[in-house]
$ cat run25.pdb   # PDB, C-alpha atoms
MODEL        1
ATOM      1  CA  MET V1439      16.734   2.923  -5.837  1.00  0.00           C
ATOM      2  CA  SER V1440      15.294  -0.583  -5.895  1.00  0.00           C
ATOM      3  CA  SER V1441      12.235  -0.961  -8.081  1.00  0.00           C
ATOM      4  CA  ASN V1442      10.107  -2.076  -5.121  1.00  0.00           C
ATOM      5  CA  ASN V1443      10.624   1.353  -3.587  1.00  0.00           C
ATOM      6  CA  ARG V1444       8.868   2.968  -6.533  1.00  0.00           C
ATOM      7  CA  ILE V1445       5.626   4.404  -5.194  1.00  0.00           C
ATOM      8  CA  VAL V1446       2.380   4.761  -7.109  1.00  0.00           C
ATOM      9  CA  SER V1447      -0.574   6.388  -5.401  1.00  0.00           C
ATOM     10  CA  VAL V1448      -4.264   6.396  -6.217  1.00  0.00           C
ATOM     11  CA  VAL V1449      -6.247   9.354  -4.900  1.00  0.00           C
ATOM     12  CA  ASP V1450     -10.036   9.165  -5.154  1.00  0.00           C
ATOM     13  CA  ASP V1451     -12.605  10.279  -2.606  1.00  0.00           C
ATOM     14  CA  ASP V1452     -14.678   7.191  -3.487  1.00  0.00           C
ATOM     15  CA  ILE V1453     -13.324   4.555  -1.074  1.00  0.00           C
ATOM     16  CA  TYR V1454     -14.533   1.719  -3.323  1.00  0.00           C
ATOM     17  CA  ILE V1455     -12.495   3.001  -6.284  1.00  0.00           C
ATOM     18  CA  ALA V1456      -9.445   3.743  -4.113  1.00  0.00           C
ATOM     19  CA  LYS V1457      -9.472   0.186  -2.696  1.00  0.00           C
ATOM     20  CA  LEU V1458     -10.250  -1.479  -6.028  1.00  0.00           C
ATOM     21  CA  PHE V1459      -7.422   0.324  -7.861  1.00  0.00           C
ATOM     22  CA  HIS V1460      -5.034  -0.299  -4.946  1.00  0.00           C
ATOM     23  CA  GLU V1461      -5.654  -4.062  -5.018  1.00  0.00           C
ATOM     24  CA  ALA V1462      -5.684  -4.290  -8.809  1.00  0.00           C
ATOM     25  CA  LEU V1463      -2.404  -2.411  -9.270  1.00  0.00           C
ATOM     26  CA  SER V1464      -0.689  -4.182  -6.352  1.00  0.00           C
ATOM     27  CA  GLU V1465      -1.565  -7.587  -7.805  1.00  0.00           C
ATOM     28  CA  ASN V1466      -0.973  -6.858 -11.495  1.00  0.00           C
ATOM     29  CA  ILE V1467       1.932  -4.418 -11.811  1.00  0.00           C
ATOM     30  CA  ASP V1468       5.341  -5.646 -10.646  1.00  0.00           C
ATOM     31  CA  GLY V1469       7.989  -3.527  -8.961  1.00  0.00           C
ATOM     32  CA  ILE V1470       5.801  -0.901  -7.326  1.00  0.00           C
ATOM     33  CA  SER V1471       4.385  -0.126  -3.901  1.00  0.00           C
ATOM     34  CA  VAL V1472       0.822   1.152  -4.142  1.00  0.00           C
ATOM     35  CA  PHE V1473      -0.766   3.574  -1.694  1.00  0.00           C
ATOM     36  CA  SER V1474      -4.367   4.706  -1.914  1.00  0.00           C
ATOM     37  CA  PHE V1475      -5.994   7.736  -0.371  1.00  0.00           C
ATOM     38  CA  THR V1476      -9.526   9.088  -0.135  1.00  0.00           C
ATOM     39  CA  ASP V1477      -8.277  12.419   1.234  1.00  0.00           C
ATOM     40  CA  PRO V1478      -6.178  14.434  -1.248  1.00  0.00           C
ATOM     41  CA  VAL V1479      -4.571  16.464   1.556  1.00  0.00           C
ATOM     42  CA  LYS V1480      -3.332  13.277   3.285  1.00  0.00           C
ATOM     43  CA  ALA V1481      -2.203  11.978  -0.101  1.00  0.00           C
ATOM     44  CA  PHE V1482      -0.084  15.071  -0.653  1.00  0.00           C
ATOM     45  CA  GLU V1483       1.377  14.822   2.857  1.00  0.00           C
ATOM     46  CA  HIS V1484       2.474  11.245   2.074  1.00  0.00           C
ATOM     47  CA  PHE V1485       3.834  12.369  -1.273  1.00  0.00           C
ATOM     48  CA  ALA V1486       5.802  15.230   0.326  1.00  0.00           C
ATOM     49  CA  ALA V1487       7.362  12.857   2.874  1.00  0.00           C
ATOM     50  CA  ASN V1488       8.329  10.318   0.166  1.00  0.00           C
ATOM     51  CA  LYS V1489       8.614  12.419  -2.998  1.00  0.00           C
ATOM     52  CA  ASP V1490      11.908  10.924  -4.191  1.00  0.00           C
ATOM     53  CA  ALA V1491      10.420   7.409  -4.199  1.00  0.00           C
ATOM     54  CA  TYR V1492       7.270   8.413  -6.092  1.00  0.00           C
ATOM     55  CA  VAL V1493       6.974   7.578  -9.778  1.00  0.00           C
ATOM     56  CA  LEU V1494       3.244   8.066 -10.439  1.00  0.00           C
ATOM     57  CA  VAL V1495       0.201   9.777  -8.928  1.00  0.00           C
ATOM     58  CA  ILE V1496      -3.274   8.915 -10.212  1.00  0.00           C
ATOM     59  CA  ALA V1497      -5.893  11.417  -9.039  1.00  0.00           C
ATOM     60  CA  ASP V1498      -9.607  11.882  -9.535  1.00  0.00           C
ATOM     61  CA  LEU V1499     -10.622  15.315 -10.790  1.00  0.00           C
ATOM     62  CA  ARG V1500     -13.488  16.016  -8.407  1.00  0.00           C
ATOM     63  CA  MET V1501     -12.591  15.721  -4.734  1.00  0.00           C
ATOM     64  CA  PRO V1502     -13.352  17.856  -1.692  1.00  0.00           C
ATOM     65  CA  SER V1503     -10.779  20.289  -0.251  1.00  0.00           C
ATOM     66  CA  LEU V1504      -8.215  19.778  -3.044  1.00  0.00           C
ATOM     67  CA  ASN V1505      -9.297  18.744  -6.536  1.00  0.00           C
ATOM     68  CA  GLY V1506      -7.217  16.548  -8.832  1.00  0.00           C
ATOM     69  CA  LEU V1507      -5.864  19.446 -10.887  1.00  0.00           C
ATOM     70  CA  GLU V1508      -4.660  21.260  -7.759  1.00  0.00           C
ATOM     71  CA  LEU V1509      -3.184  18.083  -6.283  1.00  0.00           C
ATOM     72  CA  LEU V1510      -1.258  17.181  -9.434  1.00  0.00           C
ATOM     73  CA  LYS V1511       0.070  20.742  -9.753  1.00  0.00           C
ATOM     74  CA  LYS V1512       1.402  20.520  -6.170  1.00  0.00           C
ATOM     75  CA  VAL V1513       2.939  17.109  -6.945  1.00  0.00           C
ATOM     76  CA  LYS V1514       4.696  18.340 -10.104  1.00  0.00           C
ATOM     77  CA  THR V1515       5.912  21.488  -8.334  1.00  0.00           C
ATOM     78  CA  SER V1516       7.506  19.313  -5.627  1.00  0.00           C
ATOM     79  CA  ASN V1517       9.002  16.709  -7.981  1.00  0.00           C
ATOM     80  CA  HIS V1518       8.734  17.353 -11.729  1.00  0.00           C
ATOM     81  CA  LYS V1519       9.921  13.806 -12.565  1.00  0.00           C
ATOM     82  CA  VAL V1520       6.776  12.156 -11.168  1.00  0.00           C
ATOM     83  CA  ARG V1521       4.267  11.051 -13.802  1.00  0.00           C
ATOM     84  CA  THR V1522       0.618  12.026 -13.355  1.00  0.00           C
ATOM     85  CA  ILE V1523      -2.738  10.677 -14.507  1.00  0.00           C
ATOM     86  CA  LEU V1524      -6.000  12.564 -14.040  1.00  0.00           C
ATOM     87  CA  MET V1525      -9.236  10.534 -13.901  1.00  0.00           C
ATOM     88  CA  SER V1526     -12.752  11.830 -14.336  1.00  0.00           C
ATOM     89  CA  ALA V1527     -16.266  10.904 -15.349  1.00  0.00           C
ATOM     90  CA  TYR V1528     -16.604  14.565 -16.338  1.00  0.00           C
ATOM     91  CA  ASN V1529     -15.557  15.519 -19.854  1.00  0.00           C
ATOM     92  CA  PHE V1530     -12.567  17.754 -19.164  1.00  0.00           C
ATOM     93  CA  ASP V1531     -11.309  17.950 -22.766  1.00  0.00           C
ATOM     94  CA  GLU V1532     -12.714  21.477 -23.033  1.00  0.00           C
ATOM     95  CA  ASP V1533     -11.668  22.617 -19.548  1.00  0.00           C
ATOM     96  CA  LEU V1534      -9.141  25.420 -20.088  1.00  0.00           C
ATOM     97  CA  LEU V1535      -7.159  24.715 -16.919  1.00  0.00           C
ATOM     98  CA  PHE V1536      -6.945  21.007 -17.824  1.00  0.00           C
ATOM     99  CA  LEU V1537      -5.712  21.883 -21.325  1.00  0.00           C
ATOM    100  CA  LYS V1538      -3.151  24.335 -19.893  1.00  0.00           C
ATOM    101  CA  TYR V1539      -1.878  21.698 -17.426  1.00  0.00           C
ATOM    102  CA  MET V1540      -1.615  19.092 -20.193  1.00  0.00           C
ATOM    103  CA  GLU V1541       0.384  21.545 -22.307  1.00  0.00           C
ATOM    104  CA  GLU V1542       2.667  22.404 -19.363  1.00  0.00           C
ATOM    105  CA  GLY V1543       3.232  18.722 -18.511  1.00  0.00           C
ATOM    106  CA  ILE V1544       1.561  18.957 -15.106  1.00  0.00           C
ATOM    107  CA  ILE V1545      -0.834  16.250 -16.274  1.00  0.00           C
ATOM    108  CA  ASN V1546       0.875  13.535 -18.310  1.00  0.00           C
ATOM    109  CA  SER V1547      -2.283  11.663 -19.283  1.00  0.00           C
ATOM    110  CA  SER V1548      -5.921  11.187 -18.431  1.00  0.00           C
ATOM    111  CA  ILE V1549      -8.388   8.345 -18.077  1.00  0.00           C
ATOM    112  CA  ASP V1550     -12.148   8.621 -18.491  1.00  0.00           C
ATOM    113  CA  LYS V1551     -14.341   6.986 -15.859  1.00  0.00           C
ATOM    114  CA  PRO V1552     -15.635   4.388 -15.719  1.00  0.00           C
ATOM    115  CA  VAL V1553     -12.174   2.849 -16.082  1.00  0.00           C
ATOM    116  CA  THR V1554     -11.718  -0.742 -17.220  1.00  0.00           C
ATOM    117  CA  MET V1555      -8.955  -2.606 -15.407  1.00  0.00           C
ATOM    118  CA  ASN V1556      -7.154  -3.362 -18.667  1.00  0.00           C
ATOM    119  CA  ARG V1557      -7.173   0.337 -19.572  1.00  0.00           C
ATOM    120  CA  LEU V1558      -5.844   1.198 -16.106  1.00  0.00           C
ATOM    121  CA  TYR V1559      -3.008  -1.362 -16.352  1.00  0.00           C
ATOM    122  CA  GLU V1560      -2.115  -0.189 -19.859  1.00  0.00           C
ATOM    123  CA  ARG V1561      -1.995   3.482 -18.850  1.00  0.00           C
ATOM    124  CA  VAL V1562      -0.014   2.812 -15.637  1.00  0.00           C
ATOM    125  CA  ARG V1563       2.542   0.607 -17.441  1.00  0.00           C
ATOM    126  CA  ASP V1564       2.881   3.273 -20.143  1.00  0.00           C
ATOM    127  CA  GLU V1565       3.541   6.018 -17.576  1.00  0.00           C
ATOM    128  CA  LEU V1566       6.002   3.816 -15.629  1.00  0.00           C
ATOM    129  CA  GLU V1567       7.872   3.125 -18.857  1.00  0.00           C
ATOM    130  CA  LYS V1568       8.018   6.848 -19.700  1.00  0.00           C
ATOM    131  CA  TYR V1569       9.294   7.568 -16.188  1.00  0.00           C
ATOM    132  CA  GLN V1570      12.009   4.909 -16.585  1.00  0.00           C
ATOM    133  CA  VAL V1571      13.141   6.252 -19.971  1.00  0.00           C
ATOM    134  CA  ALA V1572      13.215   9.856 -18.755  1.00  0.00           C
ATOM    135  CA  ASN V1573      15.138   9.060 -15.564  1.00  0.00           C
ATOM    136  CA  SER V1574      17.620   6.375 -16.574  1.00  0.00           C
TER
ENDMDL
END
$ encode --input "run25.pdb" --output "structure tokens"
Amino acid sequence: MSSNNRIVSVVDDDIYIAKLFHEALSENIDGISVFSFTDPVKAFEHFAANKDAYVLVIADLRMPSLNGLELLKKVKTSNHKVRTILMSAYNFDEDLLFLKYMEEGIINSSIDKPVTMNRLYERVRDELEKYQVANS
């Protein structure tokens, strides 16, 4: 698989954040195709149709119809190799389901909002590197 076919998606119901992260990652991380979604159901449909090309899904915790925890569980169930990052302004460190999903590897890492661009780039590069090591 060519590195440009590696898909990273950003899923956040805030269109401003989805667009901002899409542009920032597209312009600053080489070798990936970035897709952004404001609807987690549409995001999962895209993931399901392209799951072998996906390397990373970044999802907000609080979204309508399908929250970030549910979305990332569906992603990992469909393709366990994909790396996942959960974002939230809400302190989820004491959320029992979050802790269970971290322990089970459904969530690989998390980012607190507001997210600085440098923190986003660092976390995405770290997850891409872990994906590469695990699947080479």
$ closest_residue --input "run25.pdb" --among "V:Glu1560, V:Asp1450, V:Glu1532, V:Glu1542" --to "Pro1502 of chain V" --atoms "all atoms listed in the file"
V:Asp1450
$ closest_residue --input "run25.pdb" --among "V:Leu1509, V:Val1448, V:Ala1491, V:Leu1499" --to "Ala1462 of chain V" --atoms "all atoms listed in the file"
V:Val1448
$ closest_residue --input "run25.pdb" --among "V:Asp1531, V:Asn1443, V:Ile1467, V:Asp1451" --to "Asn1488 of chain V" --atoms "only C-alpha atoms"
V:Asn1443
$ residues_around --input "run25.pdb" --residues "Asp1477 of chain V" --least-positions-apart "2" --cutoff "10 Å" --atoms "all atoms listed in the file" --output "JSON, numbers by chain"
{"V": [1449, 1450, 1451, 1452, 1453, 1474, 1475, 1479, 1480, 1481, 1482, 1501, 1502, 1503, 1504]}
$ atom_distance --input "run25.pdb" --atom1 "atom CA of Leu1507 of chain V" --atom2 "atom CA of Ser1547 of chain V"
12.0 Å
$ residues_around --input "run25.pdb" --residues "Met1555 of chain V" --least-positions-apart "4" --cutoff "10 Å" --atoms "only C-alpha atoms" --output "number ranges by chain"
V: 1458-1459, 1462-1463, 1466, 1559-1561
$ resolve_selection --input "run25.pdb" --expression "the PyMOL selection byres ((chain V and resi 1520) around 9)" --output "list in words"
Lys1489, Asp1490, Tyr1492, Val1493, Leu1494, Val1495, Val1513, Lys1514, Asn1517, His1518, Lys1519, Arg1521, Thr1522 and Tyr1569 of chain V
$ atom_distance --input "run25.pdb" --atom1 "atom CA of Arg1500 of chain V" --atom2 "atom CA of Thr1554 of chain V"
19.0 Å
$ closest_residue --input "run25.pdb" --among "V:Ile1455, V:Val1446, V:Ala1486, V:Leu1535" --to "Ser1471 of chain V" --atoms "all atoms listed in the file"
V:Val1446
$ axis_aligned_box --input "run25.pdb" --around "segment 1503-1515 of chain V" --padding-each-side "6 Å" --output "JSON"
{"center_x": -2.4, "center_y": 19.0, "center_z": -5.6, "size_x": 28.7, "size_y": 16.9, "size_z": 22.6}
$ residues_near_point --input "run25.pdb" --point "(0.1, 18.1, -16.6)" --cutoff "8 Å" --atoms "all atoms listed in the file" --output "PyMOL selection string"
chain V and resi 1510-1511+1514+1522+1536+1538-1547
$ closest_residue --input "run25.pdb" --among "V:Tyr1454, V:Leu1534, V:Asn1505, V:Ile1523" --to "Glu1565 of chain V" --atoms "all atoms listed in the file"
V:Ile1523
$ atom_distance --input "run25.pdb" --atom1 "atom CA of Thr1515 of chain V" --atom2 "atom CA of Asn1529 of chain V"
25.1 Å
$ closest_residue --input "run25.pdb" --among "V:Ala1456, V:Ile1470, V:Leu1537, V:Ala1497" --to "Leu1566 of chain V" --atoms "all atoms listed in the file"
V:Ile1470
$ resolve_selection --input "run25.pdb" --expression "the PyMOL selection byres ((chain V and resi 1550) around 7)" --output "CSV table (one decimal) with C-alpha atoms, keeping the file's coordinate frame"
chain,number,residue,atom,x,y,z
V,1525,MET,CA,-9.2,10.5,-13.9
V,1526,SER,CA,-12.8,11.8,-14.3
V,1527,ALA,CA,-16.3,10.9,-15.3
V,1548,SER,CA,-5.9,11.2,-18.4
V,1549,ILE,CA,-8.4,8.3,-18.1
V,1551,LYS,CA,-14.3,7.0,-15.9
V,1552,PRO,CA,-15.6,4.4,-15.7
V,1553,VAL,CA,-12.2,2.8,-16.1
